[in-house]
Each structure stands twice: as C-alpha cells, then as structure tokens.
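Have a look at the structure below before the remarks.
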Amino acid sequence: MIEKVTTLLNEALSDNPSLFLIDLEIISDNRIVVTLDGDEGVRVEDCIAVSRAIEHNLDREEEDFSLEVMSAGVSEPLTMPRQYKKNLDRTLKIKTVKGETIEGQLTNVSEEKITLEWKAREPKPVGKGKVTVKKKAELPYNEIVEAKVMVTFN
C-alpha cells in the first residue's frame, strides 16, 4: 500500500510544484497521514486536491483506509532546507548538537547551512556596564537538533 500511496502522492505534488512532502505515515488500521508544506504556504484547497488525488485512486473494496492530508503546523520544527528558505528574515529558535539555544533572525540559507543574526548585551571590554553587540552564527544543518519559527503578534 505504501508504494501505491507514494506514487499517487508524487503525482499530486507534481501538479503543484510549490508543495512538498514533509511526512507520510501509514499507521495501524491503514490510517494514512500526509503532512505537506509549500513555498508559499499550504491552502485548504491544496490539501483537498492532494487528498482527492490519493483517495480517488485507492480501492476501498480492496483495502479499508482513512486519509488525513494536512499542512505542517506553525509550531512544528523545520526539517528541510526548503522550509528554511521560505522563512528567510523570520526569527528562529535553534537548538544545536552542542546543547546551545540560539534565537535570531534567519538572514541566509544555502544547501549546506543557515545564517542567524541577533543582538546581545555583553559586558563592556573596559569599564563597567554592558554594550549591545551584533552576533552572527553560521550553522550547518547537521549541527541543528531542532529549529522552530518564533511567531510574534504585533
């Protein structure tokens, strides 16, 4: 069943190249769960189109199944370089393999790494008090344990 669902899913996604697969699971009792993301976001209509492309080409007489097609939630971690690209200039909270947590603006995305920039208060080099300094970190994807977009409401 997984092969047939994967083929149907790939066909549906080829009709809308701005969409891409985040996760495909087939859980017990043939519960199919598809999680999508898109370069311009995912609309309800996109989920419906993908759902129909899969559901209408599977035989319920052959296999009983349920199908859920959803977009990656705003609280879900980023898992693919393509997701970072669509979140350029947004604030991310990153946990690294070294155990660090960095929160900063995503200023650059490449195939190998991302760049974050932020401001921090640090002690003055001479004298008392603190000074605001600009910080920058380049993080290869393999050093990122978790990356989440920080949602702000103005």
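Going by the structure tokens order, chains are called A, B, ..., each with residues numbered from 1, while ligands are numbered from 1 in the order shown.
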So that each row is one residue of range 61-124 of chain A with an atom at most 9 Å from range 41-44 of chain A, can you give its shortest atom pair and the distance in Å to one decimal, using only C-alpha atoms, rows by chain and rising number, as CSV?
residue,atom,partner,partner_atom,distance
A:Met70,CA,A:Val44,CA,8.4
A:Ser71,CA,A:Val42,CA,6.0
A:Ala72,CA,A:Val42,CA,8.4
A:Lys86,CA,A:Gly41,CA,8.5
Now that the selection is made, can you save its residues with N, CA and C atoms as a short mmCIF file (atom, residue, chain, number, x, y, z; two decimals), in the first residue's frame?
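Listing of result-v2.cif after writing:
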data_model
loop_
_atom_site.label_atom_id
_atom_site.label_comp_id
_atom_site.auth_asym_id
_atom_site.auth_seq_id
_atom_site.Cartn_x
_atom_site.Cartn_y
_atom_site.Cartn_z
N MET A 70 -2.64 17.22 5.71
CA MET A 70 -2.58 18.46 6.48
C MET A 70 -1.30 19.22 6.17
N SER A 71 -1.32 20.48 6.56
CA SER A 71 -0.11 21.29 6.40
C SER A 71 0.71 21.20 7.69
N ALA A 72 2.01 21.42 7.54
CA ALA A 72 2.88 21.44 8.71
C ALA A 72 2.46 22.60 9.59
N LYS A 86 11.79 29.40 2.88
CA LYS A 86 10.52 30.14 2.92
C LYS A 86 10.38 30.97 4.20
#
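You can rank A:Val149, A:Met1, A:Val50, A:Ile32 by their closest distance to Ser14 in chain A using only C-alpha atoms, and at the top of that list sits A:Val50.
For the choices A:Thr101, A:Leu8, A:Glu68, A:Tyr141, the atom-to-atom distance to Ile27 in chain A is smallest for A:Glu68 when using only C-alpha atoms.
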Practice task
Please identify all polymer residues within 12 Å of Leu21 in chain A, counting only C-alpha atoms, omitting same-chain residues fewer than 2 positions from it, and present them as a ChimeraX atom specification.
Solution key: /A:6,9-14,16-19,23-25,33-39,42,47,50,69-72,79-80,82-83
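With distances restricted to only C-alpha atoms, A:Glu146 is the closest residue to Lys98 in chain A from A:Asp59, A:Glu146, A:Glu122, A:Asp64.
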Exercise for the section: Would you please give, as a ChimeraX atom specification, all residues of chain A that DSSP assigns to alpha helix (DSSP H) based on the backbone? Expected result: /A:2-14,44-55,81-86
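Distances from A:Thr96, A:Asn142, A:Gln105, A:Thr7 to Lys119 in chain A were compared using only C-alpha atoms, and the smallest one belongs to A:Gln105.
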Write out as a PDB file with C-alpha atoms, in the first residue's frame which residues come within 12 Å of Thr91 in chain A when counting only C-alpha atoms, dropping same-chain ones fewer than 2 positions away.
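Final output, result-v9.pdb:
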ATOM      1  CA  TYR A  84      14.245  27.409   5.899  1.00  0.00           C
ATOM      2  CA  ASN A  87      11.198  31.507   6.431  1.00  0.00           C
ATOM      3  CA  LEU A  88      14.037  33.846   5.452  1.00  0.00           C
ATOM      4  CA  ASP A  89      14.049  37.040   7.572  1.00  0.00           C
ATOM      5  CA  LYS A  93      14.909  29.403  17.839  1.00  0.00           C
ATOM      6  CA  ILE A  94      17.627  26.819  17.207  1.00  0.00           C
ATOM      7  CA  ILE A 102      20.206  30.453  19.720  1.00  0.00           C
ATOM      8  CA  GLU A 103      17.373  32.823  18.839  1.00  0.00           C
ATOM      9  CA  GLY A 104      17.960  35.115  15.893  1.00  0.00           C
ATOM     10  CA  GLN A 105      16.859  36.341  12.504  1.00  0.00           C
ATOM     11  CA  LEU A 106      17.403  33.927   9.611  1.00  0.00           C
ATOM     12  CA  THR A 107      19.446  36.039   7.181  1.00  0.00           C
ATOM     13  CA  THR A 115      22.986  32.088   8.968  1.00  0.00           C
ATOM     14  CA  LEU A 116      21.369  33.630  12.043  1.00  0.00           C
ATOM     15  CA  GLU A 117      21.926  37.183  13.303  1.00  0.00           C
ATOM     16  CA  TRP A 118      20.880  38.695  16.636  1.00  0.00           C
ATOM     17  CA  ALA A 147      14.644  24.713  14.592  1.00  0.00           C
ATOM     18  CA  LYS A 148      11.341  26.461  15.185  1.00  0.00           C
ATOM     19  CA  VAL A 149       9.898  29.683  13.811  1.00  0.00           C
ATOM     20  CA  MET A 150       9.111  32.130  16.590  1.00  0.00           C
ATOM     21  CA  VAL A 151       5.645  33.517  15.981  1.00  0.00           C
ATOM     22  CA  THR A 152       5.158  37.137  17.003  1.00  0.00           C
TER      23      THR A 152
END
Exercise for the section: Extract the full set of strand (DSSP E or B) residues from range 55-149 of chain A according to DSSP on the backbone, and format it as a PyMOL selection string. Expected result: chain A and resi 66-71+91-96+101-109+113-123+130-140+144-149
Those same residues, written as a compact mmCIF listing (two decimals), in the first residue's frame with N, CA and C atoms?
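File written: part35.txt
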# COMPACT_ATOMS: atom_id res chain seq x y z
N SER A 66 -8.24 5.19 6.09
CA SER A 66 -8.64 6.58 6.34
C SER A 66 -7.48 7.44 5.88
N LEU A 67 -7.78 8.67 5.50
CA LEU A 67 -6.76 9.54 4.93
C LEU A 67 -6.85 10.93 5.54
N GLU A 68 -5.70 11.44 6.02
CA GLU A 68 -5.60 12.81 6.52
C GLU A 68 -4.50 13.50 5.74
N VAL A 69 -4.81 14.65 5.14
CA VAL A 69 -3.80 15.47 4.48
C VAL A 69 -3.81 16.81 5.18
N MET A 70 -2.64 17.22 5.71
CA MET A 70 -2.58 18.46 6.48
C MET A 70 -1.30 19.22 6.17
N SER A 71 -1.32 20.48 6.56
CA SER A 71 -0.11 21.29 6.40
C SER A 71 0.71 21.20 7.69
N THR A 91 12.30 35.14 12.67
CA THR A 91 13.08 34.78 13.85
C THR A 91 12.94 33.29 14.13
N LEU A 92 14.08 32.61 14.30
CA LEU A 92 14.10 31.19 14.60
C LEU A 92 14.72 30.95 15.97
N LYS A 93 14.29 29.87 16.59
CA LYS A 93 14.91 29.40 17.84
C LYS A 93 15.54 28.06 17.49
N ILE A 94 16.86 27.99 17.62
CA ILE A 94 17.63 26.82 17.21
C ILE A 94 18.25 26.15 18.42
N LYS A 95 18.15 24.82 18.47
CA LYS A 95 18.89 24.03 19.46
C LYS A 95 19.97 23.29 18.68
N THR A 96 21.22 23.41 19.14
CA THR A 96 22.34 22.80 18.42
C THR A 96 22.76 21.48 19.07
N THR A 101 21.21 27.06 22.72
CA THR A 101 19.96 27.56 22.16
C THR A 101 20.24 28.97 21.64
N ILE A 102 19.96 29.16 20.36
CA ILE A 102 20.21 30.45 19.72
C ILE A 102 18.89 30.95 19.14
N GLU A 103 18.57 32.21 19.42
CA GLU A 103 17.37 32.82 18.84
C GLU A 103 17.83 34.02 18.03
N GLY A 104 17.52 34.02 16.74
CA GLY A 104 17.96 35.11 15.89
C GLY A 104 17.21 35.14 14.58
N GLN A 105 17.50 36.17 13.80
CA GLN A 105 16.86 36.34 12.50
C GLN A 105 17.60 35.51 11.46
N LEU A 106 16.84 34.74 10.68
CA LEU A 106 17.40 33.93 9.61
C LEU A 106 17.74 34.85 8.45
N THR A 107 19.04 35.06 8.20
CA THR A 107 19.45 36.04 7.18
C THR A 107 19.98 35.40 5.91
N ASN A 108 20.34 34.12 5.96
CA ASN A 108 20.84 33.46 4.75
C ASN A 108 20.58 31.96 4.84
N VAL A 109 20.28 31.36 3.69
CA VAL A 109 20.03 29.92 3.61
C VAL A 109 20.75 29.39 2.38
N LYS A 113 24.02 25.18 4.89
CA LYS A 113 23.94 25.81 6.20
C LYS A 113 22.98 27.00 6.18
N ILE A 114 22.73 27.51 7.39
CA ILE A 114 21.92 28.73 7.55
C ILE A 114 22.76 29.76 8.31
N THR A 115 22.34 31.02 8.21
CA THR A 115 22.99 32.09 8.97
C THR A 115 21.94 32.79 9.81
N LEU A 116 22.23 32.91 11.11
CA LEU A 116 21.37 33.63 12.04
C LEU A 116 22.11 34.87 12.53
N GLU A 117 21.35 35.97 12.73
CA GLU A 117 21.93 37.18 13.30
C GLU A 117 21.02 37.66 14.43
N TRP A 118 21.64 38.19 15.49
CA TRP A 118 20.88 38.70 16.64
C TRP A 118 21.73 39.70 17.39
N LYS A 119 21.08 40.42 18.30
CA LYS A 119 21.79 41.37 19.17
C LYS A 119 21.84 40.79 20.57
N ALA A 120 22.96 41.04 21.25
CA ALA A 120 23.13 40.54 22.62
C ALA A 120 23.77 41.63 23.47
N ARG A 121 23.45 41.60 24.75
CA ARG A 121 24.07 42.52 25.72
C ARG A 121 25.25 41.80 26.35
N GLU A 122 26.42 42.42 26.27
CA GLU A 122 27.63 41.84 26.83
C GLU A 122 28.37 42.88 27.66
N PRO A 123 29.18 42.43 28.63
CA PRO A 123 29.96 43.38 29.42
C PRO A 123 30.89 44.20 28.51
N LYS A 130 27.20 47.36 30.29
CA LYS A 130 27.07 46.43 29.17
C LYS A 130 26.91 47.22 27.88
N VAL A 131 27.20 46.56 26.80
CA VAL A 131 27.07 47.15 25.47
C VAL A 131 26.32 46.15 24.58
N THR A 132 25.53 46.67 23.64
CA THR A 132 24.81 45.80 22.71
C THR A 132 25.72 45.50 21.52
N VAL A 133 25.88 44.21 21.23
CA VAL A 133 26.71 43.80 20.11
C VAL A 133 25.90 42.95 19.15
N LYS A 134 26.28 43.02 17.87
CA LYS A 134 25.63 42.17 16.86
C LYS A 134 26.37 40.85 16.81
N LYS A 135 25.59 39.77 16.81
CA LYS A 135 26.16 38.43 16.75
C LYS A 135 25.71 37.77 15.46
N LYS A 136 26.51 36.81 15.01
CA LYS A 136 26.19 36.09 13.78
C LYS A 136 26.70 34.66 13.93
N ALA A 137 25.89 33.69 13.51
CA ALA A 137 26.30 32.28 13.55
C ALA A 137 25.92 31.61 12.25
N GLU A 138 26.86 30.86 11.70
CA GLU A 138 26.58 30.02 10.54
C GLU A 138 26.48 28.59 11.05
N LEU A 139 25.34 27.97 10.81
CA LEU A 139 25.09 26.63 11.33
C LEU A 139 24.82 25.64 10.20
N PRO A 140 25.68 24.63 10.04
CA PRO A 140 25.38 23.56 9.09
C PRO A 140 24.15 22.79 9.58
N ILE A 144 22.16 21.18 13.69
CA ILE A 144 20.88 21.66 14.22
C ILE A 144 20.06 20.47 14.70
N VAL A 145 19.73 20.49 15.98
CA VAL A 145 18.88 19.43 16.56
C VAL A 145 17.42 19.77 16.30
N GLU A 146 17.07 21.06 16.51
CA GLU A 146 15.69 21.49 16.32
C GLU A 146 15.68 22.97 15.93
N ALA A 147 14.81 23.31 15.00
CA ALA A 147 14.64 24.71 14.59
C ALA A 147 13.17 25.01 14.50
N LYS A 148 12.75 26.07 15.21
CA LYS A 148 11.34 26.46 15.19
C LYS A 148 11.23 27.94 14.86
N VAL A 149 10.19 28.28 14.11
CA VAL A 149 9.90 29.68 13.81
C VAL A 149 9.23 30.27 15.03
